[in-house]
$ cat upload.tsv   # TSV, C-alpha atoms
chain	number	residue	atom	x	y	z
A	6	MET	CA	-24.33	13.07	-43.73
A	7	THR	CA	-23.88	9.64	-45.24
A	8	ASP	CA	-25.49	6.43	-44.08
A	9	LYS	CA	-22.18	5.19	-42.74
A	10	GLU	CA	-21.71	8.27	-40.53
A	11	ALA	CA	-25.28	8.12	-39.24
A	12	GLY	CA	-24.94	4.53	-38.07
A	13	SER	CA	-21.38	4.76	-36.80
A	14	GLY	CA	-22.42	4.13	-33.20
A	15	LYS	CA	-24.05	0.81	-34.06
A	16	GLU	CA	-21.39	-0.87	-36.15
A	17	GLY	CA	-20.93	-4.56	-35.67
A	18	PRO	CA	-17.60	-6.18	-34.86
A	19	GLY	CA	-17.30	-7.52	-38.41
A	20	GLU	CA	-17.17	-4.11	-40.10
A	21	LYS	CA	-13.93	-2.57	-41.30
A	22	GLY	CA	-12.35	0.08	-39.15
A	23	TYR	CA	-13.92	-1.23	-35.96
A	24	ARG	CA	-11.35	-1.67	-33.21
A	25	ILE	CA	-11.88	-3.16	-29.79
A	26	PRO	CA	-10.00	-1.16	-27.13
A	27	GLY	CA	-7.44	-2.82	-24.88
A	28	LEU	CA	-6.27	-6.39	-25.16
A	29	ARG	CA	-9.71	-7.79	-25.92
A	30	GLY	CA	-9.03	-7.23	-29.62
A	31	ALA	CA	-5.47	-8.59	-29.61
A	32	GLN	CA	-4.55	-12.09	-30.72
A	33	THR	CA	-3.66	-14.04	-27.59
A	34	THR	CA	-3.48	-17.64	-26.50
A	35	THR	CA	-6.00	-19.34	-24.29
A	36	LEU	CA	-3.34	-19.82	-21.62
A	37	PHE	CA	-2.63	-16.08	-21.53
A	38	ARG	CA	-6.35	-15.34	-21.20
A	39	ALA	CA	-6.71	-17.93	-18.42
A	40	VAL	CA	-3.74	-16.54	-16.47
A	41	ASN	CA	-4.70	-12.86	-16.95
A	42	PRO	CA	-8.53	-12.67	-16.96
A	43	GLU	CA	-8.56	-9.13	-15.54
A	44	LEU	CA	-7.25	-7.85	-18.87
A	45	PHE	CA	-10.20	-9.24	-20.83
A	46	ILE	CA	-13.19	-8.91	-18.49
A	47	LYS	CA	-15.13	-5.66	-18.29
A	48	PRO	CA	-14.78	-3.95	-14.87
A	49	ASN	CA	-17.70	-4.66	-12.57
A	50	LYS	CA	-18.33	-1.61	-10.35
A	51	PRO	CA	-20.45	-3.34	-7.64
A	52	VAL	CA	-17.87	-6.11	-7.23
A	53	MET	CA	-15.07	-3.52	-7.05
A	54	ALA	CA	-16.98	-1.57	-4.39
A	55	PHE	CA	-17.62	-4.75	-2.39
A	56	GLY	CA	-13.93	-5.68	-2.59
A	57	LEU	CA	-12.82	-2.21	-1.52
A	58	VAL	CA	-15.16	-2.25	1.49
A	59	THR	CA	-14.05	-5.78	2.40
A	60	ILE	CA	-10.33	-4.93	2.23
A	61	THR	CA	-10.93	-1.74	4.23
A	62	LEU	CA	-12.80	-3.65	6.93
A	63	CYS	CA	-10.07	-6.32	7.09
A	64	VAL	CA	-7.33	-3.71	7.52
A	65	GLY	CA	-9.44	-1.91	10.13
A	66	TYR	CA	-10.00	-5.15	12.03
A	67	LEU	CA	-6.27	-5.91	12.01
A	68	GLY	CA	-5.61	-2.40	13.35
A	69	TYR	CA	-8.23	-2.95	16.05
A	70	LEU	CA	-6.63	-6.24	17.07
A	71	HIS	CA	-3.22	-4.58	17.22
A	72	ALA	CA	-4.56	-1.73	19.36
A	73	THR	CA	-6.30	-4.05	21.81
A	74	LYS	CA	-3.21	-6.25	22.04
A	75	GLU	CA	-1.10	-3.21	23.00
A	76	ASN	CA	-3.60	-2.27	25.72
A	77	ASP	CA	-3.77	-5.81	27.09
A	78	GLN	CA	-0.10	-6.47	27.82
A	79	GLN	CA	-0.76	-7.47	31.42
A	80	LEU	CA	0.87	-4.47	33.03
A	81	TYR	CA	0.64	-3.63	36.68
A	82	GLU	CA	1.69	-0.68	38.79
A	83	ALA	CA	4.76	-1.42	40.87
A	84	VAL	CA	6.35	0.64	43.65
A	85	ASP	CA	10.11	0.60	44.10
A	86	SER	CA	12.00	1.07	47.39
A	87	GLY	CA	12.11	4.87	46.91
A	88	GLY	CA	8.33	5.11	46.71
A	89	GLU	CA	8.28	5.72	42.95
A	90	ARG	CA	5.40	4.18	41.00
A	91	TYR	CA	6.00	2.66	37.59
A	92	MET	CA	4.32	0.24	35.22
A	93	ARG	CA	5.81	-3.22	35.00
A	94	ARG	CA	4.89	-6.15	32.77
A	95	LYS	CA	3.79	-9.31	34.54
A	96	THR	CA	6.36	-12.05	34.25
A	97	SER	CA	6.22	-15.72	34.91
A	98	LYS	CA	8.57	-17.70	37.12
A	99	TRP	CA	9.25	-19.81	34.05
A	100	ASP	CA	10.71	-16.88	32.06

$ encode --input "upload.tsv" --output "structure tokens"
Amino acid sequence: MTDKEAGSGKEGPGEKGYRIPGLRGAQTTTLFRAVNPELFIKPNKPVMAFGLVTITLCVGYLGYLHATKENDQQLYEAVDSGGERYMRRKTSKWD
């Protein structure tokens, strides 16, 4: 084993043959890096988990609001002239 093989895990960025994965090693403009920061920043697992939980809770809350809106449509039980019962939505005289 040579010295180069033994220290291969601790090579610096200035050594030959070292390649940075992804776009972090590519030549890009500052504008491209400012517009697309997600391509150059290392993923942050706690922030991703927080975002996933937040989005899930938001979607769940919207579903909850939709479900309660459907249940609260101001319906009442009406009886027609034949004695049949049915649900009817409350209406205003202005409608």

$ atom_distance --input "upload.tsv" --atom1 "CA of Gln79 in chain A" --atom2 "CA of Thr96 in chain A"
8.9 Å

$ atom_distance --input "upload.tsv" --atom1 "CA of Lys50 in chain A" --atom2 "CA of Leu67 in chain A"
25.8 Å

$ atom_distance --input "upload.tsv" --atom1 "CA of Thr33 in chain A" --atom2 "CA of Met53 in chain A"
25.7 Å
